[in-house]
Amino acid sequence: MKKQKILIIGGGGREHAIGWKVAQSKQKVELFFAPGNAGTAMLGTNINIGATDISKLIEFAKKKINLTLALPDDPLALGIVDSFQEQNLRIWGPTKAASELEWSKAYAKDFMGRHNIPTAKYKTFNNFEEAKIYVEKHSLPVVVKASGLALGKGVTVAQTHEKAMVTLKKIFIDKIFGAAGNEVVIEEFLSGTEISIHALSDGKNWKIFPPSQDHKRIYNGDMGPNTGGMGTIAPLPFVDSTLIKKIEKEIIAPTIQDMAKEGRPFVGCLYPGIMLTIEGSKVFEFNSRFGDPETQTYMRLLETDILDMFDACIDGTLDKIKIEWKNLSACTIVLASEGYPGNYEKGKVISGIEDAEKNTDVVIFHAGTKTENGKLITNGGRVLGVSAIGKNLEEALATAYNAVSKIKFDGMQYRKDIGKKALKYLVT
Ligand code: AMP
Ligand code: GLY
């Protein structure tokens, strides 16, 4: 069998986890990561090209690569998939037009409106004055969102009109998100339980993953500012197959079918953030990629060869394959730098990974790490994702937290309550 040379774009925990799974393919593979991290360097070769440097990535892919996996949001929004396809390079991911579901919240809301996909009531604005008048009369809490990509910081849930006003000023006048704040979506607050849904699609067929749940706030008890995600669990004991079927029918099916009808077939991973409300499931955001750290948890449960899944998406044959999952639970606990999601220092020495991985149910995925003078050091806000599997959620969490206790670096912070709410549901 000829060796498949695969390029994975990105350098976080998601990319390490996908690389880890690709390395287990029945196909012979050689892996490259742009730019990767210290964890991906153990699976393949890190190349010194940023995830958004599309012309350099194309140059590299032309020389060496059979398949590229476009995982992060920024290169998708820049049209990496379109650019590779124009050069006849094989790439997995949605086009710029398809990924607009993520990079423009204004577009996503209008799309959902056109196709009756359940979401929060909203209005879109492109100037401060009109937004201000609208927000003053809005019921509280009110949600203010920069329409474009804002590193997960573009959403404010305002409990007072003053807070909403200050947020609008920061976005429109101070331009804290630059052009990503040229448009603002103001929407009603959805109260309920947040879950993450992932569905793989080839543009016409789709396969839904088990439901998962992220914990986005930095502190225990869902307190403090939003982060990229501090920990995930899957599957969810409180989501049954009837609810999944309903979400598939009301949200996934119309999104895939109507994107195709609008000439933007969605090939890739569609990841809606969904609020389970008393009025039913509603979309609070669309992502056009795998979640991070949802992916780290999913990869621990996935049985099927992931290269078969990527190939089926690109070739339009997703209906021909079966995606199988282990009959287990999995979780990922994120270990972050002191100060994250605000400013943080880098370069702290990390110890204990080998010890933690002595338990074969544990896999540590790297995110912000690098090796310097033979030492593993921190190199980002989210540093490691400690994942574990178990025969149920309780067991997976106990194993993961035991592994966490073995890992150390200066200022290490993590949430102690990942999965706790889901466990409580099991007891009551
Ligand atoms: P996002 O940056 O779109 O992932 O949103 C960040 C977080 O804001 C989400 O995880 C939700 O907790 C919250 N959020 C977004 N939209 C709403 C909404 N309409 N109602 C309540 N919470 C929301
Ligand atoms: N899990 C949060 C995200 O990937 O956006």
# chains A, B, ... in the order shown; residues from 1 in each chain; ligands from 1

call {"tool": "residues_around", "arguments": {"residues": "Lys322 (chain A)", "least_positions_apart": "5", "cutoff": "10 Å", "atoms": "only C-alpha atoms", "output": "PDB file with C-alpha atoms, in the first residue's frame"}}
result
ATOM      1  CA  LYS A 207     -23.802  11.279  10.048  1.00  0.00           C
ATOM      2  CA  THR A 304     -14.189   3.668  12.603  1.00  0.00           C
ATOM      3  CA  ASP A 308     -12.471   6.467   5.554  1.00  0.00           C
ATOM      4  CA  MET A 309     -14.726   9.174   7.001  1.00  0.00           C
TER       5      MET A 309
END

call {"tool": "residues_around", "arguments": {"residues": "region 39-46 of chain A", "least_positions_apart": "3", "cutoff": "7 Å", "atoms": "only C-alpha atoms", "output": "number ranges by chain"}}
result
A: 16, 30-36, 365-366

call {"tool": "closest_atom_pairs", "arguments": {"of": "region 124-226 of chain A", "to": "region 100-119 of chain A", "cutoff": "7 Å", "atoms": "only C-alpha atoms", "output": "Markdown table"}}
result
| residue | atom | partner | partner_atom | distance |
| --- | --- | --- | --- | --- |
| A:Thr124 | CA | A:Ala106 | CA | 6.3 |
| A:Ser147 | CA | A:Lys105 | CA | 4.6 |
| A:Gly148 | CA | A:Ser104 | CA | 5.0 |
| A:Leu149 | CA | A:Trp103 | CA | 5.4 |
| A:Val185 | CA | A:Ala106 | CA | 6.3 |

call {"tool": "write_last_selection", "arguments": {"atoms": "all heavy atoms", "output": "CSV table (one decimal), in the first residue's frame"}}
result
chain,number,residue,atom,x,y,z
A,124,THR,N,-30.1,42.3,13.4
A,124,THR,CA,-28.7,42.6,13.0
A,124,THR,C,-28.5,44.1,12.8
A,124,THR,O,-29.4,44.8,12.2
A,124,THR,CB,-28.3,41.9,11.7
A,124,THR,OG1,-28.6,40.5,12.0
A,124,THR,CG2,-26.9,42.1,11.4
A,147,SER,N,-20.5,39.9,14.8
A,147,SER,CA,-20.9,38.9,13.8
A,147,SER,C,-19.7,38.0,13.3
A,147,SER,O,-19.9,36.8,13.1
A,147,SER,CB,-21.5,39.6,12.6
A,147,SER,OG,-21.8,38.7,11.6
A,148,GLY,N,-18.5,38.6,13.3
A,148,GLY,CA,-17.4,37.8,12.7
A,148,GLY,C,-16.6,37.0,13.8
A,148,GLY,O,-17.1,36.8,14.9
A,149,LEU,N,-15.5,36.4,13.3
A,149,LEU,CA,-14.7,35.5,14.2
A,149,LEU,C,-14.0,36.4,15.2
A,149,LEU,O,-13.3,37.3,14.9
A,149,LEU,CB,-13.7,34.7,13.4
A,149,LEU,CG,-14.2,33.7,12.4
A,149,LEU,CD1,-13.1,33.0,11.7
A,149,LEU,CD2,-15.1,32.7,13.1
A,185,VAL,N,-25.0,41.2,16.1
A,185,VAL,CA,-26.3,40.6,16.2
A,185,VAL,C,-26.7,40.8,17.7
A,185,VAL,O,-26.0,40.5,18.6
A,185,VAL,CB,-26.2,39.1,15.9
A,185,VAL,CG1,-27.5,38.3,16.3
A,185,VAL,CG2,-25.9,38.8,14.5

call {"tool": "residues_near_ligand", "arguments": {"ligand": "ligand 1", "cutoff": "10 Å", "atoms": "only C-alpha atoms and all ligand atoms", "output": "PyMOL selection string"}}
result
chain A and resi 102+105+119-122+141-147+149-158+185-196+214-217+222+225-229+272-275+282-287

call {"tool": "residues_around", "arguments": {"residues": "Ile65 (chain A)", "least_positions_apart": "3", "cutoff": "12 Å", "atoms": "only C-alpha atoms", "output": "list in words"}}
result
Lys3, Gln4, Lys5, Ile6, Leu7, Ile8, Val29, Glu30, Leu31, Phe32, Phe33, Leu57, Ile58, Glu59, Phe60, Ala61, Lys62, Thr68, Leu69, Phe84, Asn88, Leu89, Arg90 and Ile91 of chain A

call {"tool": "select_by_dssp", "arguments": {"residues": "region 192-224 of chain A", "states": "strand (DSSP E)", "output": "PyMOL selection string"}}
result
chain A and resi 193-196+199-202+206-208+213-214+217-219+223-224

call {"tool": "residues_around", "arguments": {"residues": "Val383 (chain A)", "least_positions_apart": "6", "cutoff": "9 Å", "atoms": "only C-alpha atoms", "output": "number ranges by chain"}}
result
A: 12-13, 334-337, 365-369, 412

call {"tool": "write_last_selection", "arguments": {"atoms": "N, CA and C atoms", "output": "PDB file, in the first residue's frame"}}
result
ATOM      1  N   GLY A  12      -3.468  22.922  17.807  1.00  0.00           N
ATOM      2  CA  GLY A  12      -4.083  22.811  19.132  1.00  0.00           C
ATOM      3  C   GLY A  12      -4.354  21.365  19.519  1.00  0.00           C
ATOM      4  N   GLY A  13      -5.155  21.214  20.572  1.00  0.00           N
ATOM      5  CA  GLY A  13      -5.500  19.889  21.069  1.00  0.00           C
ATOM      6  C   GLY A  13      -6.321  19.103  20.050  1.00  0.00           C
ATOM      7  N   VAL A 334      -9.234  20.192  30.467  1.00  0.00           N
ATOM      8  CA  VAL A 334      -8.202  21.093  29.930  1.00  0.00           C
ATOM      9  C   VAL A 334      -7.378  21.689  31.074  1.00  0.00           C
ATOM     10  N   LEU A 335      -6.058  21.641  30.921  1.00  0.00           N
ATOM     11  CA  LEU A 335      -5.143  22.288  31.874  1.00  0.00           C
ATOM     12  C   LEU A 335      -4.652  23.576  31.214  1.00  0.00           C
ATOM     13  N   ALA A 336      -4.887  24.709  31.899  1.00  0.00           N
ATOM     14  CA  ALA A 336      -4.599  26.008  31.277  1.00  0.00           C
ATOM     15  C   ALA A 336      -3.554  26.782  32.070  1.00  0.00           C
ATOM     16  N   SER A 337      -3.001  27.790  31.410  1.00  0.00           N
ATOM     17  CA  SER A 337      -2.001  28.664  32.042  1.00  0.00           C
ATOM     18  C   SER A 337      -2.675  29.654  32.979  1.00  0.00           C
ATOM     19  N   PHE A 365      -3.563  14.936  25.315  1.00  0.00           N
ATOM     20  CA  PHE A 365      -3.418  15.665  24.050  1.00  0.00           C
ATOM     21  C   PHE A 365      -2.793  17.024  24.327  1.00  0.00           C
ATOM     22  N   HIS A 366      -1.789  17.371  23.534  1.00  0.00           N
ATOM     23  CA  HIS A 366      -1.110  18.659  23.711  1.00  0.00           C
ATOM     24  C   HIS A 366      -1.866  19.766  22.986  1.00  0.00           C
ATOM     25  N   ALA A 367      -1.802  20.987  23.524  1.00  0.00           N
ATOM     26  CA  ALA A 367      -2.351  22.162  22.827  1.00  0.00           C
ATOM     27  C   ALA A 367      -1.223  23.198  22.779  1.00  0.00           C
ATOM     28  N   GLY A 368      -1.142  24.088  23.787  1.00  0.00           N
ATOM     29  CA  GLY A 368      -0.062  25.079  23.807  1.00  0.00           C
ATOM     30  C   GLY A 368       1.179  24.514  24.478  1.00  0.00           C
ATOM     31  N   THR A 369       1.928  23.709  23.752  1.00  0.00           N
ATOM     32  CA  THR A 369       3.190  23.155  24.290  1.00  0.00           C
ATOM     33  C   THR A 369       4.283  23.267  23.236  1.00  0.00           C
ATOM     34  N   MET A 412      -0.688  26.241  36.863  1.00  0.00           N
ATOM     35  CA  MET A 412      -1.673  25.382  36.182  1.00  0.00           C
ATOM     36  C   MET A 412      -3.076  25.557  36.782  1.00  0.00           C
TER      37      MET A 412
END

call {"tool": "residues_around", "arguments": {"residues": "Val166 (chain A)", "least_positions_apart": "6", "cutoff": "12 Å", "atoms": "only C-alpha atoms", "output": "number ranges by chain"}}
result
A: 128, 131-132, 135-136, 144, 156, 158-160, 172-174, 176

call {"tool": "residues_around", "arguments": {"residues": "Ile247 (chain A)", "least_positions_apart": "2", "cutoff": "10 Å", "atoms": "only C-alpha atoms", "output": "count of residues only"}}
result
18

call {"tool": "closest_residue", "arguments": {"among": "A:Arg264, A:His161, A:Lys175, A:Arg289", "to": "ligand 2", "atoms": "only C-alpha atoms and all ligand atoms"}}
result
A:Arg289

call {"tool": "closest_residue", "arguments": {"among": "A:Gly316, A:Gly224, A:Pro341, A:Pro72", "to": "ligand 2", "atoms": "only C-alpha atoms and all ligand atoms"}}
result
A:Pro72

call {"tool": "residues_around", "arguments": {"residues": "Ile54 (chain A)", "least_positions_apart": "6", "cutoff": "10 Å", "atoms": "only C-alpha atoms", "output": "VMD selection string"}}
result
chain A and resid 60 75 78 to 81 83 to 84
